[in-house]
$ cat data25.pdb   # PDB, C-alpha atoms
ATOM      1  CA  MET A 150       9.061  -0.079  41.456  1.00  0.00           C
ATOM      2  CA  ALA A 151       8.092  -3.187  43.441  1.00  0.00           C
ATOM      3  CA  SER A 152       4.415  -2.335  42.952  1.00  0.00           C
ATOM      4  CA  ASN A 153       4.920  -2.064  39.170  1.00  0.00           C
ATOM      5  CA  ALA A 154       6.777  -5.375  39.089  1.00  0.00           C
ATOM      6  CA  LYS A 155       4.001  -7.072  41.042  1.00  0.00           C
ATOM      7  CA  ARG A 156       1.329  -5.650  38.732  1.00  0.00           C
ATOM      8  CA  GLN A 157       3.341  -6.727  35.692  1.00  0.00           C
ATOM      9  CA  ILE A 158       3.608 -10.267  37.078  1.00  0.00           C
ATOM     10  CA  LEU A 159      -0.100 -10.428  37.953  1.00  0.00           C
ATOM     11  CA  ASP A 160      -1.180  -9.053  34.582  1.00  0.00           C
ATOM     12  CA  GLY A 161       1.176 -11.523  32.903  1.00  0.00           C
ATOM     13  CA  ALA A 162      -0.321 -14.401  34.888  1.00  0.00           C
ATOM     14  CA  LEU A 163      -3.776 -13.405  33.678  1.00  0.00           C
ATOM     15  CA  ASP A 164      -2.461 -13.199  30.117  1.00  0.00           C
ATOM     16  CA  LEU A 165      -1.396 -16.832  30.467  1.00  0.00           C
ATOM     17  CA  LEU A 166      -5.030 -17.731  31.107  1.00  0.00           C
ATOM     18  CA  ARG A 167      -6.069 -15.828  27.974  1.00  0.00           C
ATOM     19  CA  ALA A 168      -3.774 -17.908  25.776  1.00  0.00           C
ATOM     20  CA  GLU A 169      -5.387 -19.670  22.850  1.00  0.00           C
ATOM     21  CA  GLY A 170      -6.428 -23.115  23.955  1.00  0.00           C
ATOM     22  CA  GLY A 171      -6.215 -22.110  27.612  1.00  0.00           C
ATOM     23  CA  GLY A 172      -3.148 -21.567  29.669  1.00  0.00           C
ATOM     24  CA  THR A 173      -1.808 -22.526  33.042  1.00  0.00           C
ATOM     25  CA  ILE A 174      -0.166 -20.360  35.648  1.00  0.00           C
ATOM     26  CA  THR A 175       3.139 -21.779  36.831  1.00  0.00           C
ATOM     27  CA  LEU A 176       5.983 -19.863  38.424  1.00  0.00           C
ATOM     28  CA  ASP A 177       8.165 -20.466  35.354  1.00  0.00           C
ATOM     29  CA  ALA A 178       5.478 -19.445  32.874  1.00  0.00           C
ATOM     30  CA  ALA A 179       4.460 -16.388  34.909  1.00  0.00           C
ATOM     31  CA  ALA A 180       8.079 -15.222  35.156  1.00  0.00           C
ATOM     32  CA  LYS A 181       8.621 -15.673  31.432  1.00  0.00           C
ATOM     33  CA  GLN A 182       5.349 -13.917  30.563  1.00  0.00           C
ATOM     34  CA  ALA A 183       6.205 -10.957  32.822  1.00  0.00           C
ATOM     35  CA  GLY A 184       9.762 -10.739  31.514  1.00  0.00           C
ATOM     36  CA  VAL A 185      11.369 -11.385  34.881  1.00  0.00           C
ATOM     37  CA  THR A 186      13.537 -14.174  36.191  1.00  0.00           C
ATOM     38  CA  LYS A 187      11.984 -16.894  38.296  1.00  0.00           C
ATOM     39  CA  PRO A 188      13.943 -15.687  41.365  1.00  0.00           C
ATOM     40  CA  GLY A 189      12.668 -12.169  40.587  1.00  0.00           C
ATOM     41  CA  LEU A 190       9.104 -13.440  40.572  1.00  0.00           C
ATOM     42  CA  MET A 191       9.700 -15.463  43.726  1.00  0.00           C
ATOM     43  CA  TYR A 192      10.946 -12.351  45.508  1.00  0.00           C
ATOM     44  CA  HIS A 193       7.334 -11.102  45.346  1.00  0.00           C
ATOM     45  CA  PHE A 194       5.515 -14.452  45.302  1.00  0.00           C
ATOM     46  CA  PRO A 195       7.602 -17.186  46.951  1.00  0.00           C
ATOM     47  CA  THR A 196       5.170 -20.011  46.110  1.00  0.00           C
ATOM     48  CA  LYS A 197       2.601 -20.803  43.461  1.00  0.00           C
ATOM     49  CA  GLU A 198      -0.121 -20.478  46.095  1.00  0.00           C
ATOM     50  CA  ALA A 199       1.129 -16.991  47.002  1.00  0.00           C
ATOM     51  CA  LEU A 200       1.018 -16.051  43.317  1.00  0.00           C
ATOM     52  CA  MET A 201      -2.460 -17.516  42.867  1.00  0.00           C
ATOM     53  CA  LEU A 202      -3.777 -15.712  45.964  1.00  0.00           C
ATOM     54  CA  ALA A 203      -2.354 -12.482  44.611  1.00  0.00           C
ATOM     55  CA  VAL A 204      -3.976 -13.099  41.209  1.00  0.00           C
ATOM     56  CA  VAL A 205      -7.349 -13.686  42.907  1.00  0.00           C
ATOM     57  CA  ASP A 206      -6.894 -10.449  44.862  1.00  0.00           C
ATOM     58  CA  HIS A 207      -5.837  -8.653  41.671  1.00  0.00           C
ATOM     59  CA  VAL A 208      -9.040  -9.724  39.894  1.00  0.00           C
ATOM     60  CA  ALA A 209     -11.138  -9.061  43.014  1.00  0.00           C
ATOM     61  CA  ASP A 210      -9.591  -5.566  43.212  1.00  0.00           C
ATOM     62  CA  ARG A 211     -10.883  -4.885  39.701  1.00  0.00           C
ATOM     63  CA  TRP A 212     -14.344  -6.171  40.624  1.00  0.00           C
ATOM     64  CA  GLU A 213     -14.364  -4.111  43.799  1.00  0.00           C
ATOM     65  CA  THR A 214     -13.322  -0.939  41.962  1.00  0.00           C
ATOM     66  CA  LEU A 215     -16.041  -1.465  39.348  1.00  0.00           C
ATOM     67  CA  LEU A 216     -18.611  -2.241  42.040  1.00  0.00           C
ATOM     68  CA  LEU A 217     -17.767   0.808  44.144  1.00  0.00           C
ATOM     69  CA  ASP A 218     -17.844   3.063  41.073  1.00  0.00           C
ATOM     70  CA  ARG A 219     -21.254   1.666  40.133  1.00  0.00           C
ATOM     71  CA  LEU A 220     -22.571   1.869  43.707  1.00  0.00           C
ATOM     72  CA  GLY A 221     -21.563   5.505  44.087  1.00  0.00           C
ATOM     73  CA  GLN A 222     -21.446   5.387  47.880  1.00  0.00           C
ATOM     74  CA  PRO A 223     -19.521   3.548  50.590  1.00  0.00           C
ATOM     75  CA  LEU A 224     -20.334  -0.155  50.681  1.00  0.00           C
ATOM     76  CA  GLU A 225     -21.145   0.029  54.399  1.00  0.00           C
ATOM     77  CA  THR A 226     -24.011   2.477  53.767  1.00  0.00           C
ATOM     78  CA  ALA A 227     -25.650   0.520  50.940  1.00  0.00           C
ATOM     79  CA  THR A 228     -28.769  -1.586  51.258  1.00  0.00           C
ATOM     80  CA  PRO A 229     -28.776  -5.186  50.007  1.00  0.00           C
ATOM     81  CA  HIS A 230     -30.796  -4.029  46.979  1.00  0.00           C
ATOM     82  CA  GLN A 231     -28.216  -1.335  46.151  1.00  0.00           C
ATOM     83  CA  ARG A 232     -25.300  -3.763  46.541  1.00  0.00           C
ATOM     84  CA  ILE A 233     -26.885  -6.473  44.397  1.00  0.00           C
ATOM     85  CA  ARG A 234     -27.928  -3.847  41.813  1.00  0.00           C
ATOM     86  CA  ALA A 235     -24.309  -2.697  41.542  1.00  0.00           C
ATOM     87  CA  TYR A 236     -23.200  -6.317  41.136  1.00  0.00           C
ATOM     88  CA  VAL A 237     -25.800  -6.972  38.437  1.00  0.00           C
ATOM     89  CA  GLU A 238     -24.895  -3.810  36.548  1.00  0.00           C
ATOM     90  CA  VAL A 239     -21.169  -4.582  36.642  1.00  0.00           C
ATOM     91  CA  ALA A 240     -21.670  -8.187  35.565  1.00  0.00           C
ATOM     92  CA  LEU A 241     -23.827  -7.058  32.635  1.00  0.00           C
ATOM     93  CA  ALA A 242     -21.853  -3.963  31.638  1.00  0.00           C
ATOM     94  CA  ALA A 243     -18.138  -4.587  32.209  1.00  0.00           C
ATOM     95  CA  GLU A 244     -15.990  -6.497  29.753  1.00  0.00           C
ATOM     96  CA  PHE A 245     -14.674  -9.781  31.072  1.00  0.00           C
ATOM     97  CA  ASP A 246     -12.830 -12.613  29.394  1.00  0.00           C
ATOM     98  CA  ARG A 247     -11.769 -16.181  29.961  1.00  0.00           C
ATOM     99  CA  ALA A 248      -8.934 -15.145  32.294  1.00  0.00           C
ATOM    100  CA  ASP A 249     -11.495 -13.664  34.703  1.00  0.00           C
ATOM    101  CA  PHE A 250     -13.539 -16.847  34.544  1.00  0.00           C
ATOM    102  CA  ALA A 251     -10.520 -19.157  34.769  1.00  0.00           C
ATOM    103  CA  ILE A 252      -9.171 -17.586  37.940  1.00  0.00           C
ATOM    104  CA  TYR A 253     -12.639 -17.619  39.502  1.00  0.00           C
ATOM    105  CA  PHE A 254     -13.299 -21.221  38.469  1.00  0.00           C
ATOM    106  CA  ASP A 255      -9.858 -22.492  39.479  1.00  0.00           C
ATOM    107  CA  ALA A 256     -10.298 -20.978  42.917  1.00  0.00           C
ATOM    108  CA  HIS A 257     -13.041 -23.429  43.736  1.00  0.00           C
ATOM    109  CA  TYR A 258     -10.573 -26.297  43.762  1.00  0.00           C
ATOM    110  CA  ARG A 259      -8.329 -24.700  46.387  1.00  0.00           C
ATOM    111  CA  THR A 260      -9.685 -23.742  49.792  1.00  0.00           C
ATOM    112  CA  ALA A 261      -7.377 -20.754  50.277  1.00  0.00           C
ATOM    113  CA  LEU A 262      -8.406 -19.295  46.912  1.00  0.00           C
ATOM    114  CA  THR A 263     -12.102 -19.948  47.552  1.00  0.00           C
ATOM    115  CA  ASP A 264     -11.766 -18.238  50.921  1.00  0.00           C
ATOM    116  CA  ALA A 265     -10.173 -15.217  49.233  1.00  0.00           C
ATOM    117  CA  TRP A 266     -13.098 -14.895  46.787  1.00  0.00           C
ATOM    118  CA  VAL A 267     -15.668 -15.313  49.540  1.00  0.00           C
ATOM    119  CA  ARG A 268     -13.936 -12.747  51.752  1.00  0.00           C
ATOM    120  CA  ARG A 269     -13.889 -10.197  48.927  1.00  0.00           C
ATOM    121  CA  MET A 270     -17.332 -10.787  47.405  1.00  0.00           C
ATOM    122  CA  GLU A 271     -19.482 -11.730  50.392  1.00  0.00           C
ATOM    123  CA  PRO A 272     -19.969  -8.117  51.519  1.00  0.00           C
ATOM    124  CA  TRP A 273     -21.499  -7.423  48.106  1.00  0.00           C
ATOM    125  CA  LEU A 274     -23.648 -10.514  47.817  1.00  0.00           C
ATOM    126  CA  ALA A 275     -24.785 -11.218  51.387  1.00  0.00           C
ATOM    127  CA  VAL A 276     -28.511 -10.889  51.892  1.00  0.00           C
ATOM    128  CA  PRO A 277     -29.740 -10.577  55.482  1.00  0.00           C
ATOM    129  CA  ASP A 278     -32.035 -13.269  56.838  1.00  0.00           C
ATOM    130  CA  THR A 279     -34.302 -10.496  58.105  1.00  0.00           C
ATOM    131  CA  LEU A 280     -35.548  -9.688  54.600  1.00  0.00           C
ATOM    132  CA  PRO A 281     -38.827 -11.301  53.582  1.00  0.00           C
ATOM    133  CA  ASP A 282     -38.433 -14.562  51.668  1.00  0.00           C
ATOM    134  CA  THR A 283     -39.786 -13.060  48.445  1.00  0.00           C
ATOM    135  CA  ALA A 284     -37.311 -10.163  48.611  1.00  0.00           C
ATOM    136  CA  ARG A 285     -34.448 -12.606  49.249  1.00  0.00           C
ATOM    137  CA  ALA A 286     -35.575 -14.744  46.307  1.00  0.00           C
ATOM    138  CA  ARG A 287     -35.791 -11.740  43.971  1.00  0.00           C
ATOM    139  CA  LEU A 288     -32.292 -10.590  44.957  1.00  0.00           C
ATOM    140  CA  ALA A 289     -30.955 -14.121  44.466  1.00  0.00           C
ATOM    141  CA  ALA A 290     -32.659 -14.372  41.061  1.00  0.00           C
ATOM    142  CA  ALA A 291     -31.167 -11.049  39.942  1.00  0.00           C
ATOM    143  CA  ARG A 292     -27.715 -12.120  41.118  1.00  0.00           C
ATOM    144  CA  LEU A 293     -27.987 -15.490  39.400  1.00  0.00           C
ATOM    145  CA  LEU A 294     -29.109 -13.774  36.185  1.00  0.00           C
ATOM    146  CA  ALA A 295     -25.955 -11.655  36.399  1.00  0.00           C
ATOM    147  CA  ASP A 296     -23.778 -14.676  37.202  1.00  0.00           C
ATOM    148  CA  GLY A 297     -25.159 -16.585  34.223  1.00  0.00           C
ATOM    149  CA  TYR A 298     -24.595 -13.663  31.886  1.00  0.00           C
ATOM    150  CA  TRP A 299     -21.079 -13.147  33.230  1.00  0.00           C
ATOM    151  CA  ILE A 300     -20.172 -16.821  32.762  1.00  0.00           C
ATOM    152  CA  ALA A 301     -21.536 -16.898  29.214  1.00  0.00           C
ATOM    153  CA  ALA A 302     -19.795 -13.632  28.294  1.00  0.00           C
ATOM    154  CA  SER A 303     -16.444 -14.426  29.902  1.00  0.00           C
ATOM    155  CA  THR A 304     -16.224 -17.970  28.536  1.00  0.00           C
ATOM    156  CA  GLY A 305     -17.742 -17.272  25.135  1.00  0.00           C
ATOM    157  CA  VAL A 306     -19.939 -20.362  25.545  1.00  0.00           C
ATOM    158  CA  PHE A 307     -23.487 -19.494  24.454  1.00  0.00           C
ATOM    159  CA  PRO A 308     -22.967 -15.770  24.974  1.00  0.00           C
ATOM    160  CA  VAL A 309     -25.995 -13.502  24.981  1.00  0.00           C
ATOM    161  CA  PRO A 310     -25.900 -11.061  22.061  1.00  0.00           C
ATOM    162  CA  HIS A 311     -24.564  -7.666  23.113  1.00  0.00           C
ATOM    163  CA  ARG A 312     -27.811  -6.005  21.994  1.00  0.00           C
ATOM    164  CA  ASP A 313     -29.734  -7.991  24.627  1.00  0.00           C
ATOM    165  CA  ARG A 314     -27.779  -6.613  27.602  1.00  0.00           C
ATOM    166  CA  ALA A 315     -30.095  -3.650  28.071  1.00  0.00           C
ATOM    167  CA  HIS A 316     -33.146  -5.917  28.014  1.00  0.00           C
ATOM    168  CA  LEU A 317     -31.586  -8.232  30.591  1.00  0.00           C
ATOM    169  CA  LEU A 318     -30.923  -5.229  32.784  1.00  0.00           C
ATOM    170  CA  VAL A 319     -34.622  -4.293  32.565  1.00  0.00           C
ATOM    171  CA  VAL A 320     -35.550  -7.809  33.724  1.00  0.00           C
ATOM    172  CA  ALA A 321     -32.986  -7.572  36.534  1.00  0.00           C
ATOM    173  CA  GLU A 322     -34.295  -4.128  37.547  1.00  0.00           C
ATOM    174  CA  ASP A 323     -37.763  -5.614  37.926  1.00  0.00           C
ATOM    175  CA  LEU A 324     -36.312  -8.284  40.217  1.00  0.00           C
ATOM    176  CA  LEU A 325     -34.389  -5.648  42.164  1.00  0.00           C
ATOM    177  CA  LYS A 326     -37.382  -3.504  43.047  1.00  0.00           C
ATOM    178  CA  ASP A 327     -37.338  -2.887  46.773  1.00  0.00           C
ATOM    179  CA  GLU A 328     -40.968  -3.471  47.604  1.00  0.00           C
ATOM    180  CA  SER A 329     -40.436  -2.591  51.264  1.00  0.00           C
ATOM    181  CA  SER A 330     -39.922   1.111  50.554  1.00  0.00           C
TER
END
$ encode --input "data25.pdb" --output "structure tokens"
Amino acid sequence: MASNAKRQILDGALDLLRAEGGGTITLDAAAKQAGVTKPGLMYHFPTKEALMLAVVDHVADRWETLLLDRLGQPLETATPHQRIRAYVEVALAAEFDRADFAIYFDAHYRTALTDAWVRRMEPWLAVPDTLPDTARARLAAARLLADGYWIAASTGVFPVPHRDRAHLLVVAEDLLKDESS
């Protein structure tokens, strides 16, 4: 039951960010959105920072699930090319919205939230210094292509037409070629 209540609160907090005109996560608003009392919310998340950290983890959990499904193997056994490819494919294929972007963007103004994102995403995006510079640049370019697409799609600002996704993936695949093998 506690797990369901937490999920309901976290999903409700994200729904606040989807509100027309943009929304804000406060303890009061999150409690109201989830249909719980403020003390009920605070039982699970005693402070706004605790709630925000949990929302970041909630969104990162979704990313991680999508990434692992796309990767098709344990993260620890994947090469940098395989990890970045999974990231690119998820960013170009999954449906995201302004709540995903808002929680990611907001995190960069709070060190604890930034640290949570970095901790969760760094294993996917880290590129070893031992790779040749051109390979590192190609992986970075593919990742940045995916980031740009994701931002445009999740914010709705200058989104790329849906029909162009497959073509972008072809461009990304060219960047992701592992020329060392």
$ atom_distance --input "data25.pdb" --atom1 "atom CA of A:Arg232" --atom2 "atom CA of A:Ala290"
14.0 Å
$ residues_near_point --input "data25.pdb" --point "(9.1, -4.5, 40.9)" --cutoff "10 Å" --atoms "all atoms listed in the file" --output "PDB file with C-alpha atoms, in the coordinates of the input"
ATOM      1  CA  MET A 150       9.061  -0.079  41.456  1.00  0.00           C
ATOM      2  CA  ALA A 151       8.092  -3.187  43.441  1.00  0.00           C
ATOM      3  CA  SER A 152       4.415  -2.335  42.952  1.00  0.00           C
ATOM      4  CA  ASN A 153       4.920  -2.064  39.170  1.00  0.00           C
ATOM      5  CA  ALA A 154       6.777  -5.375  39.089  1.00  0.00           C
ATOM      6  CA  LYS A 155       4.001  -7.072  41.042  1.00  0.00           C
ATOM      7  CA  ARG A 156       1.329  -5.650  38.732  1.00  0.00           C
ATOM      8  CA  GLN A 157       3.341  -6.727  35.692  1.00  0.00           C
ATOM      9  CA  ILE A 158       3.608 -10.267  37.078  1.00  0.00           C
ATOM     10  CA  VAL A 185      11.369 -11.385  34.881  1.00  0.00           C
ATOM     11  CA  GLY A 189      12.668 -12.169  40.587  1.00  0.00           C
ATOM     12  CA  LEU A 190       9.104 -13.440  40.572  1.00  0.00           C
ATOM     13  CA  TYR A 192      10.946 -12.351  45.508  1.00  0.00           C
ATOM     14  CA  HIS A 193       7.334 -11.102  45.346  1.00  0.00           C
TER      15      HIS A 193
END
$ resolve_selection --input "data25.pdb" --expression "the PyMOL selection byres ((chain A and resi 304-314) around 8)" --output "NGL selection string"
:A and (241-242 or 246-247 or 250 or 298 or 300-303 or 315-318)
$ residues_around --input "data25.pdb" --residues "A:Ala321" --least-positions-apart "2" --cutoff "9 Å" --atoms "only C-alpha atoms" --output "PyMOL selection string"
chain A and resi 234+237-238+287-288+290-292+294-295+316-319+323-326
$ closest_residue --input "data25.pdb" --among "A:Thr283, A:Val320, A:Pro195, A:Leu200" --to "A:Ala179" --atoms "only C-alpha atoms"
A:Leu200
$ decode --input "data25.pdb" --residues "stretch 269-281 of chain A" --atoms "N, CA, C and O atoms" --output "PDB file, in the first residue's frame"
ATOM      1  N   ARG A 269      22.466   8.697 -11.791  1.00  0.00           N
ATOM      2  CA  ARG A 269      21.641   7.732 -12.521  1.00  0.00           C
ATOM      3  C   ARG A 269      22.019   7.624 -14.000  1.00  0.00           C
ATOM      4  O   ARG A 269      21.939   6.550 -14.590  1.00  0.00           O
ATOM      5  N   MET A 270      22.406   8.736 -14.619  1.00  0.00           N
ATOM      6  CA  MET A 270      22.640   8.720 -16.063  1.00  0.00           C
ATOM      7  C   MET A 270      24.106   8.563 -16.470  1.00  0.00           C
ATOM      8  O   MET A 270      24.391   8.123 -17.577  1.00  0.00           O
ATOM      9  N   GLU A 271      25.024   8.903 -15.575  1.00  0.00           N
ATOM     10  CA  GLU A 271      26.436   8.817 -15.929  1.00  0.00           C
ATOM     11  C   GLU A 271      26.866   7.428 -16.396  1.00  0.00           C
ATOM     12  O   GLU A 271      27.621   7.317 -17.372  1.00  0.00           O
ATOM     13  N   PRO A 272      26.403   6.354 -15.768  1.00  0.00           N
ATOM     14  CA  PRO A 272      26.809   5.034 -16.266  1.00  0.00           C
ATOM     15  C   PRO A 272      26.414   4.793 -17.729  1.00  0.00           C
ATOM     16  O   PRO A 272      27.059   4.021 -18.426  1.00  0.00           O
ATOM     17  N   TRP A 273      25.375   5.453 -18.183  1.00  0.00           N
ATOM     18  CA  TRP A 273      24.927   5.299 -19.561  1.00  0.00           C
ATOM     19  C   TRP A 273      25.702   6.196 -20.521  1.00  0.00           C
ATOM     20  O   TRP A 273      25.916   5.837 -21.678  1.00  0.00           O
ATOM     21  N   LEU A 274      26.104   7.347 -20.054  1.00  0.00           N
ATOM     22  CA  LEU A 274      26.657   8.356 -20.948  1.00  0.00           C
ATOM     23  C   LEU A 274      28.175   8.513 -20.862  1.00  0.00           C
ATOM     24  O   LEU A 274      28.766   9.180 -21.708  1.00  0.00           O
ATOM     25  N   ALA A 275      28.794   7.921 -19.864  1.00  0.00           N
ATOM     26  CA  ALA A 275      30.248   8.061 -19.705  1.00  0.00           C
ATOM     27  C   ALA A 275      30.981   7.403 -20.868  1.00  0.00           C
ATOM     28  O   ALA A 275      30.641   6.304 -21.292  1.00  0.00           O
ATOM     29  N   VAL A 276      31.956   8.122 -21.375  1.00  0.00           N
ATOM     30  CA  VAL A 276      32.784   7.612 -22.466  1.00  0.00           C
ATOM     31  C   VAL A 276      34.223   7.593 -21.962  1.00  0.00           C
ATOM     32  O   VAL A 276      34.741   8.625 -21.522  1.00  0.00           O
ATOM     33  N   PRO A 277      34.867   6.427 -22.003  1.00  0.00           N
ATOM     34  CA  PRO A 277      36.225   6.335 -21.451  1.00  0.00           C
ATOM     35  C   PRO A 277      37.225   7.194 -22.221  1.00  0.00           C
ATOM     36  O   PRO A 277      37.148   7.332 -23.437  1.00  0.00           O
ATOM     37  N   ASP A 278      38.158   7.755 -21.483  1.00  0.00           N
ATOM     38  CA  ASP A 278      39.226   8.558 -22.080  1.00  0.00           C
ATOM     39  C   ASP A 278      40.126   7.731 -22.983  1.00  0.00           C
ATOM     40  O   ASP A 278      40.867   8.291 -23.792  1.00  0.00           O
ATOM     41  N   THR A 279      40.074   6.418 -22.846  1.00  0.00           N
ATOM     42  CA  THR A 279      40.949   5.549 -23.631  1.00  0.00           C
ATOM     43  C   THR A 279      40.497   5.394 -25.082  1.00  0.00           C
ATOM     44  O   THR A 279      41.268   4.915 -25.907  1.00  0.00           O
ATOM     45  N   LEU A 280      39.263   5.798 -25.378  1.00  0.00           N
ATOM     46  CA  LEU A 280      38.802   5.729 -26.770  1.00  0.00           C
ATOM     47  C   LEU A 280      39.514   6.804 -27.587  1.00  0.00           C
ATOM     48  O   LEU A 280      39.812   7.886 -27.077  1.00  0.00           O
ATOM     49  N   PRO A 281      39.730   6.530 -28.868  1.00  0.00           N
ATOM     50  CA  PRO A 281      40.318   7.564 -29.724  1.00  0.00           C
ATOM     51  C   PRO A 281      39.420   8.812 -29.763  1.00  0.00           C
ATOM     52  O   PRO A 281      38.197   8.716 -29.630  1.00  0.00           O
TER      53      PRO A 281
END
